[in-house]
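**Student:** PDB, C-alpha atoms, file my_file_7.pdb:
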ATOM      1  CA  MET A  88       0.000   0.000   0.000
ATOM      2  CA  PRO A  89       1.470   3.432  -0.921
ATOM      3  CA  VAL A  90       2.237   5.957   1.799
ATOM      4  CA  VAL A  91      -0.221   8.414   0.209
ATOM      5  CA  PRO A  92      -3.615   7.570  -1.347
ATOM      6  CA  SER A  93      -3.435   6.304  -4.908
ATOM      7  CA  CYS A  94      -5.878   8.999  -6.029
ATOM      8  CA  LEU A  95      -3.194  11.494  -4.972
ATOM      9  CA  LEU A  96      -0.128   9.529  -6.085
ATOM     10  CA  GLU A  97      -1.350   8.596  -9.562
ATOM     11  CA  PRO A  98      -1.878  12.127 -10.971
ATOM     12  CA  ALA A  99       1.446  13.232  -9.487
ATOM     13  CA  TRP A 100       3.276  10.344 -11.134
ATOM     14  CA  VAL A 101       1.506  10.761 -14.498
ATOM     15  CA  GLU A 102       2.639  14.388 -14.717
ATOM     16  CA  PHE A 103       6.085  13.570 -13.335
ATOM     17  CA  SER A 104       6.633  10.833 -15.929
ATOM     18  CA  ALA A 105       5.533  13.224 -18.673
ATOM     19  CA  LEU A 106       8.150  15.712 -17.469
ATOM     20  CA  LEU A 107      10.751  12.925 -17.596
ATOM     21  CA  GLY A 108       9.942  12.393 -21.261
ATOM     22  CA  GLY A 109       9.096   8.700 -20.992
ATOM     23  CA  GLU A 110      10.762   5.679 -19.443
ATOM     24  CA  PRO A 111      14.355   4.935 -20.616
ATOM     25  CA  PRO A 112      15.209   1.444 -21.977
ATOM     26  CA  GLU A 113      15.311  -1.373 -19.456
ATOM     27  CA  PHE A 114      18.902  -2.200 -20.448
ATOM     28  CA  ASP A 115      21.667   0.284 -21.187
ATOM     29  CA  PRO A 116      22.010   0.452 -25.011
ATOM     30  CA  GLY A 117      25.628   1.582 -24.696
ATOM     31  CA  HIS A 118      26.779  -1.558 -22.901
ATOM     32  CA  PRO A 119      29.494  -3.359 -24.970
ATOM     33  CA  LEU A 120      27.905  -6.802 -24.456
ATOM     34  CA  GLY A 121      24.353  -5.580 -24.965
ATOM     35  CA  CYS A 122      23.275  -6.445 -21.453
ATOM     36  CA  HIS A 123      23.520  -4.996 -17.988
ATOM     37  CA  ARG A 124      21.552  -4.829 -14.785
ATOM     38  CA  ARG A 125      17.939  -3.897 -15.360
ATOM     39  CA  ARG A 126      17.114  -0.261 -14.795
ATOM     40  CA  ILE A 127      14.711   0.219 -11.891
ATOM     41  CA  PRO A 128      11.460   1.733 -13.231
ATOM     42  CA  GLY A 129      10.986   5.396 -12.430
ATOM     43  CA  ARG A 130       7.618   4.681 -10.820
ATOM     44  CA  VAL A 131       9.272   2.432  -8.227
ATOM     45  CA  VAL A 132      11.903   5.056  -7.355
ATOM     46  CA  PHE A 133       9.253   7.795  -7.254
ATOM     47  CA  GLU A 134       7.212   5.843  -4.708
ATOM     48  CA  HIS A 135      10.318   5.402  -2.550
ATOM     49  CA  VAL A 136      11.074   9.142  -2.774
ATOM     50  CA  VAL A 137       7.512   9.970  -1.730
ATOM     51  CA  ALA A 138       7.890   7.519   1.161
ATOM     52  CA  ALA A 139      11.064   9.325   2.250
ATOM     53  CA  LEU A 140       9.208  12.639   2.018
ATOM     54  CA  VAL A 141       6.266  11.415   4.091
ATOM     55  CA  HIS A 142       8.154   9.510   6.781
ATOM     56  CA  GLY A 143      11.336  11.593   6.839
ATOM     57  CA  SER A 144      13.429   8.456   7.343
ATOM     58  CA  GLY A 145      16.779   7.614   5.797
ATOM     59  CA  TYR A 146      17.037   5.889   2.453
ATOM     60  CA  GLU A 147      18.471   2.745   4.047
ATOM     61  CA  ARG A 148      15.233   2.292   5.988
ATOM     62  CA  ILE A 149      12.885   2.698   3.030
ATOM     63  CA  ALA A 150      15.055   0.739   0.568
ATOM     64  CA  THR A 151      13.673  -2.610  -0.601
ATOM     65  CA  THR A 152      14.950  -5.553  -2.607
ATOM     66  CA  GLY A 153      13.574  -3.906  -5.731
ATOM     67  CA  CYS A 154      15.159  -0.476  -5.123
ATOM     68  CA  SER A 155      18.359   0.142  -3.168
ATOM     69  CA  ASP A 156      19.248   3.299  -1.272
ATOM     70  CA  ARG A 157      22.008   4.087  -3.806
ATOM     71  CA  THR A 158      19.494   3.977  -6.627
ATOM     72  CA  ILE A 159      17.237   6.377  -4.733
ATOM     73  CA  ARG A 160      20.101   8.813  -4.154
ATOM     74  CA  ARG A 161      21.338   8.712  -7.754
ATOM     75  CA  ARG A 162      17.890   9.144  -9.251
ATOM     76  CA  LEU A 163      17.017  11.884  -6.758
ATOM     77  CA  GLU A 164      20.140  13.882  -7.623
ATOM     78  CA  HIS A 165      19.337  13.544 -11.327
ATOM     79  CA  TRP A 166      15.745  14.696 -10.876
ATOM     80  CA  ALA A 167      16.824  17.605  -8.694
ATOM     81  CA  GLU A 168      19.336  18.786 -11.316
ATOM     82  CA  LEU A 169      16.593  18.731 -13.953
ATOM     83  CA  GLY A 170      14.342  20.877 -11.739
ATOM     84  CA  LEU A 171      11.476  18.389 -11.880
ATOM     85  CA  GLY A 172      10.185  19.370  -8.452
ATOM     86  CA  GLU A 173       9.500  22.941  -9.560
ATOM     87  CA  ALA A 174       8.050  21.735 -12.868
ATOM     88  CA  LEU A 175       5.659  19.338 -11.117
ATOM     89  CA  HIS A 176       4.489  22.089  -8.771
ATOM     90  CA  ALA A 177       3.945  24.470 -11.693
ATOM     91  CA  ALA A 178       1.857  21.832 -13.489
ATOM     92  CA  ALA A 179      -0.217  21.301 -10.334
ATOM     93  CA  LEU A 180      -0.824  25.048 -10.090
ATOM     94  CA  ARG A 181      -1.981  25.203 -13.713
ATOM     95  CA  ALA A 182      -4.412  22.348 -13.137
ATOM     96  CA  TYR A 183      -5.734  23.945  -9.950
ATOM     97  CA  ASP A 184      -6.183  27.307 -11.669
ATOM     98  CA  GLN A 185      -8.030  25.689 -14.582
ATOM     99  CA  ILE A 186     -10.433  23.619 -12.476
ATOM    100  CA  ILE A 187     -10.872  25.633  -9.267
ATOM    101  CA  GLY A 188      -9.161  28.982  -9.844
ATOM    102  CA  LEU A 189      -6.336  30.568  -7.875
ATOM    103  CA  ASP A 190      -7.128  33.535  -5.638
ATOM    104  CA  LEU A 191      -4.194  35.704  -6.699
ATOM    105  CA  ALA A 192      -5.628  39.039  -5.617
ATOM    106  CA  ASP A 193      -4.438  38.345  -2.047
ATOM    107  CA  VAL A 194      -0.997  36.783  -1.577
ATOM    108  CA  ALA A 195       0.331  36.018   1.904
ATOM    109  CA  VAL A 196       4.008  35.393   2.695
ATOM    110  CA  ASP A 197       5.560  34.095   5.892
ATOM    111  CA  GLY A 198       8.493  31.991   7.064
ATOM    112  CA  CYS A 199       8.745  28.788   9.049
ATOM    113  CA  LEU A 200      11.649  27.296  11.022
ATOM    114  CA  THR A 201      12.250  23.547  11.020
ATOM    115  CA  LYS A 202      15.086  21.282  12.127
ATOM    116  CA  ALA A 203      18.119  20.520   9.944
ATOM    117  CA  PRO A 204      20.400  18.434  12.192
ATOM    118  CA  CYS A 205      22.798  17.216   9.478
ATOM    119  CA  GLY A 206      23.992  20.635   8.321
ATOM    120  CA  GLY A 207      24.513  21.351   4.648
ATOM    121  CA  ASP A 208      23.882  24.217   2.237
ATOM    122  CA  ARG A 209      20.510  25.156   3.719
ATOM    123  CA  ALA A 210      21.277  24.729   7.440
ATOM    124  CA  GLY A 211      22.209  27.333  10.029
ATOM    125  CA  PRO A 212      21.952  28.003  13.766
ATOM    126  CA  SER A 213      18.284  28.230  14.704
ATOM    127  CA  PRO A 214      17.440  31.191  16.972
ATOM    128  CA  VAL A 215      14.526  29.303  18.551
ATOM    129  CA  ASP A 216      16.223  25.942  19.141
ATOM    130  CA  ARG A 217      19.391  26.759  21.132
ATOM    131  CA  ARG A 218      21.337  27.405  17.922
ATOM    132  CA  LYS A 219      20.922  23.872  16.683
ATOM    133  CA  GLY A 220      20.783  23.259  12.954
ATOM    134  CA  GLY A 221      17.682  24.822  11.437
ATOM    135  CA  LEU A 222      16.114  25.460   8.034
ATOM    136  CA  LYS A 223      14.128  28.602   7.162
ATOM    137  CA  ARG A 224      11.307  28.064   4.670
ATOM    138  CA  SER A 225       9.569  31.088   3.175
ATOM    139  CA  VAL A 226       6.297  30.394   1.344
ATOM    140  CA  ALA A 227       3.931  32.590  -0.650
ATOM    141  CA  SER A 228       0.320  31.373  -0.814
ATOM    142  CA  ASP A 229      -2.837  32.537  -2.528
ATOM    143  CA  GLY A 230      -6.006  33.614  -0.746
ATOM    144  CA  TYR A 231      -6.981  30.019   0.060
ATOM    145  CA  GLY A 232      -3.542  28.778   1.117
ATOM    146  CA  ILE A 233      -2.259  27.100  -2.051
ATOM    147  CA  PRO A 234       1.574  27.397  -2.092
ATOM    148  CA  LEU A 235       2.769  29.543  -4.989
ATOM    149  CA  GLY A 236       6.494  30.056  -4.439
ATOM    150  CA  ILE A 237       9.124  28.802  -2.001
ATOM    151  CA  ALA A 238      12.533  30.053  -0.907
ATOM    152  CA  SER A 239      14.826  28.244   1.537
ATOM    153  CA  ALA A 240      17.723  29.557   3.617
ATOM    154  CA  PRO A 241      19.645  28.761   6.812
ATOM    155  CA  GLY A 242      17.735  29.052  10.052
ATOM    156  CA  ASN A 243      19.497  32.254  11.171
ATOM    157  CA  ARG A 244      18.188  34.303   8.212
ATOM    158  CA  HIS A 245      15.488  36.906   8.816
ATOM    159  CA  ASP A 246      12.181  36.661   7.002
ATOM    160  CA  SER A 247      12.314  40.032   5.263
ATOM    161  CA  PRO A 248      15.361  39.330   3.003
ATOM    162  CA  LEU A 249      13.577  36.201   1.762
ATOM    163  CA  LEU A 250      10.522  38.155   0.602
ATOM    164  CA  ALA A 251      11.990  39.048  -2.800
ATOM    165  CA  PRO A 252      13.114  35.509  -3.798
ATOM    166  CA  THR A 253       9.819  34.083  -2.540
ATOM    167  CA  LEU A 254       7.668  36.431  -4.640
ATOM    168  CA  GLN A 255       9.992  35.992  -7.624
ATOM    169  CA  ALA A 256       9.672  32.212  -7.302
ATOM    170  CA  ALA A 257       5.887  32.591  -7.215
ATOM    171  CA  GLY A 258       6.044  34.668 -10.400
ATOM    172  CA  ARG A 259       8.084  31.961 -12.148
ATOM    173  CA  GLN A 260       5.723  29.197 -11.053
ATOM    174  CA  LEU A 261       2.656  31.153 -12.184
ATOM    175  CA  ASP A 262       4.276  32.128 -15.494
ATOM    176  CA  GLY A 263       3.125  35.743 -15.355
ATOM    177  CA  ILE A 264      -0.593  35.250 -14.594
ATOM    178  CA  LEU A 265      -0.630  37.517 -11.542
ATOM    179  CA  PRO A 266      -3.373  40.169 -11.768
ATOM    180  CA  GLU A 267      -2.524  43.852 -11.888
ATOM    181  CA  ASP A 268      -4.356  44.609  -8.631
ATOM    182  CA  ARG A 269      -2.745  42.353  -6.044
ATOM    183  CA  THR A 270      -2.072  42.712  -2.344
ATOM    184  CA  CYS A 271       0.674  41.103  -0.296
ATOM    185  CA  HIS A 272      -0.230  40.363   3.351
ATOM    186  CA  LEU A 273       2.673  40.279   5.804
ATOM    187  CA  ASP A 274       3.172  40.175   9.553
ATOM    188  CA  ARG A 275       4.975  42.790  11.656
ATOM    189  CA  GLY A 276       8.377  41.201  10.998
ATOM    190  CA  TYR A 277       8.285  42.720   7.511
ATOM    191  CA  ASP A 278       7.352  46.209   8.729
ATOM    192  CA  SER A 279      10.112  48.333   7.186
ATOM    193  CA  THR A 280      10.691  50.888   4.457
ATOM    194  CA  VAL A 281      12.793  48.412   2.476
ATOM    195  CA  THR A 282       9.875  45.972   2.327
ATOM    196  CA  ARG A 283       7.455  48.641   1.117
ATOM    197  CA  GLN A 284       9.873  49.749  -1.602
ATOM    198  CA  LEU A 285      10.292  46.149  -2.712
ATOM    199  CA  LEU A 286       6.541  45.612  -2.923
ATOM    200  CA  ASP A 287       6.189  48.772  -5.006
ATOM    201  CA  GLU A 288       8.856  47.508  -7.401
ATOM    202  CA  LEU A 289       7.137  44.144  -7.755
ATOM    203  CA  GLY A 290       3.705  45.719  -8.235
ATOM    204  CA  PHE A 291       2.108  44.683  -4.927
ATOM    205  CA  ASP A 292      -0.027  46.704  -2.562
ATOM    206  CA  GLY A 293       1.373  45.958   0.876
ATOM    207  CA  GLN A 294      -0.826  45.212   3.865
ATOM    208  CA  ILE A 295       1.727  44.891   6.663
ATOM    209  CA  ALA A 296       0.995  44.555  10.348
ATOM    210  CA  ARG A 297       2.348  47.464  12.376
ATOM    211  CA  LYS A 298       4.818  47.004  15.190
ATOM    212  CA  GLY A 299       3.460  47.731  18.655
ATOM    213  CA  ILE A 300      -0.129  46.792  17.857
ATOM    214  CA  PRO A 301      -1.521  43.492  19.223
ATOM    215  CA  ALA A 302      -1.760  40.758  16.605
ATOM    216  CA  PRO A 303      -5.477  39.859  16.981
ATOM    217  CA  ILE A 304      -6.480  43.408  16.117
ATOM    218  CA  GLN A 305      -4.622  43.358  12.792
ATOM    219  CA  ALA A 306      -4.664  39.670  11.904
ATOM    220  CA  GLY A 307      -5.927  40.369   8.386
ATOM    221  CA  THR A 308      -5.995  37.548   5.835
ATOM    222  CA  ARG A 309      -2.437  36.315   6.218
ATOM    223  CA  TRP A 310      -3.531  33.383   8.408
ATOM    224  CA  VAL A 311      -3.871  31.220   5.284
ATOM    225  CA  VAL A 312      -0.105  30.960   4.893
ATOM    226  CA  GLU A 313       0.090  29.591   8.434
ATOM    227  CA  ARG A 314      -2.257  26.830   7.343
ATOM    228  CA  THR A 315      -0.036  26.227   4.320
ATOM    229  CA  HIS A 316       2.965  25.718   6.590
ATOM    230  CA  SER A 317       0.886  23.327   8.672
ATOM    231  CA  TRP A 318       0.025  21.298   5.567
ATOM    232  CA  MET A 319       3.660  21.145   4.495
ATOM    233  CA  ASN A 320       4.875  20.244   7.984
ATOM    234  CA  GLY A 321       2.791  17.111   7.706
ATOM    235  CA  TYR A 322       5.678  15.655   5.682
ATOM    236  CA  GLY A 323       8.475  14.279   7.840
ATOM    237  CA  LYS A 324      11.295  15.267   5.497
ATOM    238  CA  LEU A 325      10.311  18.934   5.899
ATOM    239  CA  ARG A 326       9.918  18.801   9.667
ATOM    240  CA  ARG A 327      13.392  17.342  10.082
ATOM    241  CA  CYS A 328      15.472  17.865   6.967
ATOM    242  CA  THR A 329      18.506  15.581   6.777
ATOM    243  CA  GLU A 330      19.579  16.548   3.260
ATOM    244  CA  ARG A 331      22.789  18.502   2.720
ATOM    245  CA  ASN A 332      22.462  19.345  -0.973
ATOM    246  CA  ALA A 333      20.513  22.565  -1.596
ATOM    247  CA  ARG A 334      19.014  21.257  -4.848
ATOM    248  CA  ILE A 335      17.616  18.171  -3.156
ATOM    249  CA  VAL A 336      16.210  20.300  -0.324
ATOM    250  CA  ASP A 337      14.392  22.488  -2.850
ATOM    251  CA  PHE A 338      13.215  19.390  -4.729
ATOM    252  CA  TYR A 339      11.554  18.039  -1.593
ATOM    253  CA  LEU A 340      10.016  21.431  -0.800
ATOM    254  CA  TYR A 341       8.411  21.732  -4.221
ATOM    255  CA  LEU A 342       7.371  18.066  -4.258
ATOM    256  CA  ALA A 343       5.542  18.607  -0.964
ATOM    257  CA  ALA A 344       3.978  21.809  -2.354
ATOM    258  CA  ALA A 345       2.816  19.884  -5.438
ATOM    259  CA  LEU A 346       1.218  17.162  -3.297
ATOM    260  CA  VAL A 347      -0.484  19.802  -1.140
ATOM    261  CA  THR A 348      -1.849  21.491  -4.269
ATOM    262  CA  ILE A 349      -3.106  18.229  -5.777
ATOM    263  CA  ARG A 350      -4.743  17.218  -2.503
ATOM    264  CA  GLN A 351      -6.591  20.524  -2.211
ATOM    265  CA  LEU A 352      -7.561  20.306  -5.885
ATOM    266  CA  ILE A 353      -9.165  16.885  -5.343
ATOM    267  CA  GLN A 354     -10.881  17.908  -2.114
ATOM    268  CA  ARG A 355     -12.424  21.035  -3.622
ATOM    269  CA  ALA A 356     -13.219  19.446  -6.990
ATOM    270  CA  ARG A 357     -15.086  16.506  -5.422
ATOM    271  CA  GLN A 358     -17.731  18.996  -4.212
ATOM    272  CA  ARG A 359     -18.240  20.427  -7.709
ATOM    273  CA  TYR A 360     -17.579  17.609 -10.185
ATOM    274  CA  ARG A 361     -18.023  13.861 -10.462
ATOM    275  CA  TRP A 362     -15.695  11.289 -12.023
ATOM    276  CA  ASP A 363     -15.279   7.524 -11.856
ATOM    277  CA  THR A 364     -12.509   7.462  -9.235
ATOM    278  CA  ARG A 365     -13.897  10.375  -7.231
ATOM    279  CA  PRO A 366     -13.100   9.997  -3.506
ATOM    280  CA  THR A 367     -16.202   9.852  -1.345
ATOM    281  CA  THR A 368     -14.578  11.196   1.843
ATOM    282  CA  LYS A 369     -12.337  14.101   2.719
ATOM    283  CA  ARG A 370      -9.615  11.709   3.886
ATOM    284  CA  LEU A 371      -8.906  10.663   0.263
ATOM    285  CA  LYS A 372      -9.033   6.933   0.910
ATOM    286  CA  LEU A 373      -7.855   4.450  -1.693
ATOM    287  CA  PRO A 374     -10.483   4.099  -4.445
ATOM    288  CA  ILE A 375      -9.826   0.367  -4.914
ATOM    289  CA  ALA A 376      -8.495  -2.301  -2.610
ATOM    290  CA  GLY A 377      -6.406  -4.249  -5.119
ATOM    291  CA  SER A 378      -3.729  -2.030  -6.625
ATOM    292  CA  SER A 379      -0.657  -3.099  -8.564
ATOM    293  CA  LYS A 380       2.534  -3.586  -6.618
ATOM    294  CA  TYR A 381       6.196  -3.785  -7.515
ATOM    295  CA  VAL A 382       8.334  -6.810  -6.685
ATOM    296  CA  ARG A 383      12.052  -6.703  -7.488
ATOM    297  CA  GLY A 384      11.510  -3.714  -9.758
ATOM    298  CA  ARG A 385       8.750  -5.348 -11.835
ATOM    299  CA  GLN A 386       5.068  -4.485 -11.834
ATOM    300  CA  VAL A 387       2.774  -7.281 -10.635
ATOM    301  CA  GLU A 388      -0.952  -6.946 -11.192
ATOM    302  CA  PRO A 389      -3.420  -8.219  -8.549
ATOM    303  CA  PRO A 390      -4.801 -11.713  -9.245
ATOM    304  CA  GLN A 391      -8.085 -11.943 -11.068
ATOM    305  CA  ASP A 392     -11.045 -13.757  -9.580
ATOM    306  CA  ALA A 393     -11.486 -17.238 -10.987
ATOM    307  CA  GLY A 394     -14.585 -17.885 -13.031
TER     308      GLY A 394
END
With the file now loaded, output its structure as C-alpha cells.
**Tutor:**
Amino acid sequence: MPVVPSCLLEPAWVEFSALLGGEPPEFDPGHPLGCHRRRIPGRVVFEHVVAALVHGSGYERIATTGCSDRTIRRRLEHWAELGLGEALHAAALRAYDQIIGLDLADVAVDGCLTKAPCGGDRAGPSPVDRRKGGLKRSVASDGYGIPLGIASAPGNRHDSPLLAPTLQAAGRQLDGILPEDRTCHLDRGYDSTVTRQLLDELGFDGQIARKGIPAPIQAGTRWVVERTHSWMNGYGKLRRCTERNARIVDFYLYLAAALVTIRQLIQRARQRYRWDTRPTTKRLKLPIAGSSKYVRGRQVEPPQDAG
C-alpha cells in the first residue's frame, strides 16, 4: 500500500513521468555486451522518494529488494538537477487554476523554522532551538492557502530578506498570470521601508501589520499561509530535513507543495464535479483495494477472480 492515497499519487506520477519524457530502456544500449543490470522503473523510485518525504526516514530504511538506497540517491540527484520538483508544482498550479481557480488578488508570505540536524547548504543556527541546525522556509500562498512560491535559507536568516526571492519564485511558477491589482499580506516582521519599496517595485499593494499593535487586532488575511505551513509540515522530510544538498532540499520542498496542491484540488473538486474514481470522503481513501505492486523492480498486477 502506498504511503499516500493512490488517487493522490497517480496524478502526481503521471505528470512527473511526462516531465521525464518517458521511461528509458530497461537495459543500457551503450553496454558493450548488450546487457547490464535492469534499470529500476521510475515509478518504483518515485514511490520510494515519496515515502522518504512522508516519513522523513533515511534511504536505508525505506530501501527494498527492488530499489536500493544508492538507486534512490542517484535518481534523486538527477531529478533535482533537472528541476522536476518545480516543474511538477507548476503543473499542479496550472491544473488547480483551470479547475478551481487561484485567488491571486491576495498573496500572503511568511516563514517557518524547522530542524536541519545534518547541516549542509541550507542549514544554520536556529534562533529558537538553542542554535541547533535549522532550516528557514519562506512560502507565498494565494487567498486560500495554495503554495505559490518557495525560498529556503539557513535558520538564522530573517524573514524580510527572503521576501523578494519568494515572490519571484511565485512569479516563475505562475508564469506571469498575476493580476494587476494584487495585495501582499505580511506580519509585523516585515514592517520596514525596504519591504514597502520592494513591494512597489514588484507591483504589490502591501498590507503589513504594524509594530506595537496586538496581533489579533490586525490579523488580516495572512492566516492562510500559516495553514499552508501546517500542511507542508505534515511531511516528515520537511519537519526534520537531513539533506545537505541545496538542490535536493528544494526538490523536496516543491514536491511537498505539489502534493499539497493536488490534494486541495481533489478535495475542492469533489464537491463540484463527479468522475469515476472520485473519492467519497475528505480523507482521500484508496479508491480500490487491489492495486498493482512492484516486486524486485517489476510491476505485478493483482490476481483476477477465478470464473
**Student:** Taking the file above as input, evaluate the PyMOL selection byres ((chain A and resi 325-328) around 10) and report the hits as a ChimeraX atom specification.
**Tutor:** /A:140-144,200-207,209-210,220-222,224,319-324,329-331,336,339-340,343
**Student:** Please evaluate the PyMOL selection byres ((chain A and resi 174) around 10) against the displayed coordinates and give the resulting residues as a PyMOL selection string.
**Tutor:** chain A and resi 102-103+106+169-173+175-180+260+338+341-342+345
**Student:** For Pro252 of chain A, find every residue with an atom within 10 Å (counting only C-alpha atoms), except residues of its own chain fewer than 2 positions away, and show them as a list in words.
**Tutor:**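 My list of contacting residues is Ser225, Val226, Gly236, Ile237, Ala238, Ser239, Pro248, Leu249, Leu250, Leu254, Gln255, Ala256, Ala257 and Gly258 of chain A.
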**Student:** For Tyr146 of chain A, work out the shell of residues within 8 Å, counting all atoms listed in the file and skipping chain neighbours fewer than 2 positions away, then give it as a ChimeraX atom specification.
**Tutor:** /A:139,144,148-150,156,159-160
**Student:** Nearest to His165 of chain A: which of A:Ala356, A:Ile335, A:Val90, A:Ala192 is it, counting only C-alpha atoms?
**Tutor:**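 Ranking A:Ala356, A:Ile335, A:Val90, A:Ala192 by distance to His165 of chain A, first place goes to A:Ile335.
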**Student:** From (6.7, 42.3, 8.1), in the file's coordinates, out to 12 Å: which residues are reached, counting only C-alpha atoms? Answer as a ChimeraX atom specification.
**Tutor:** /A:195-198,245-250,271-283,286,293-298,309
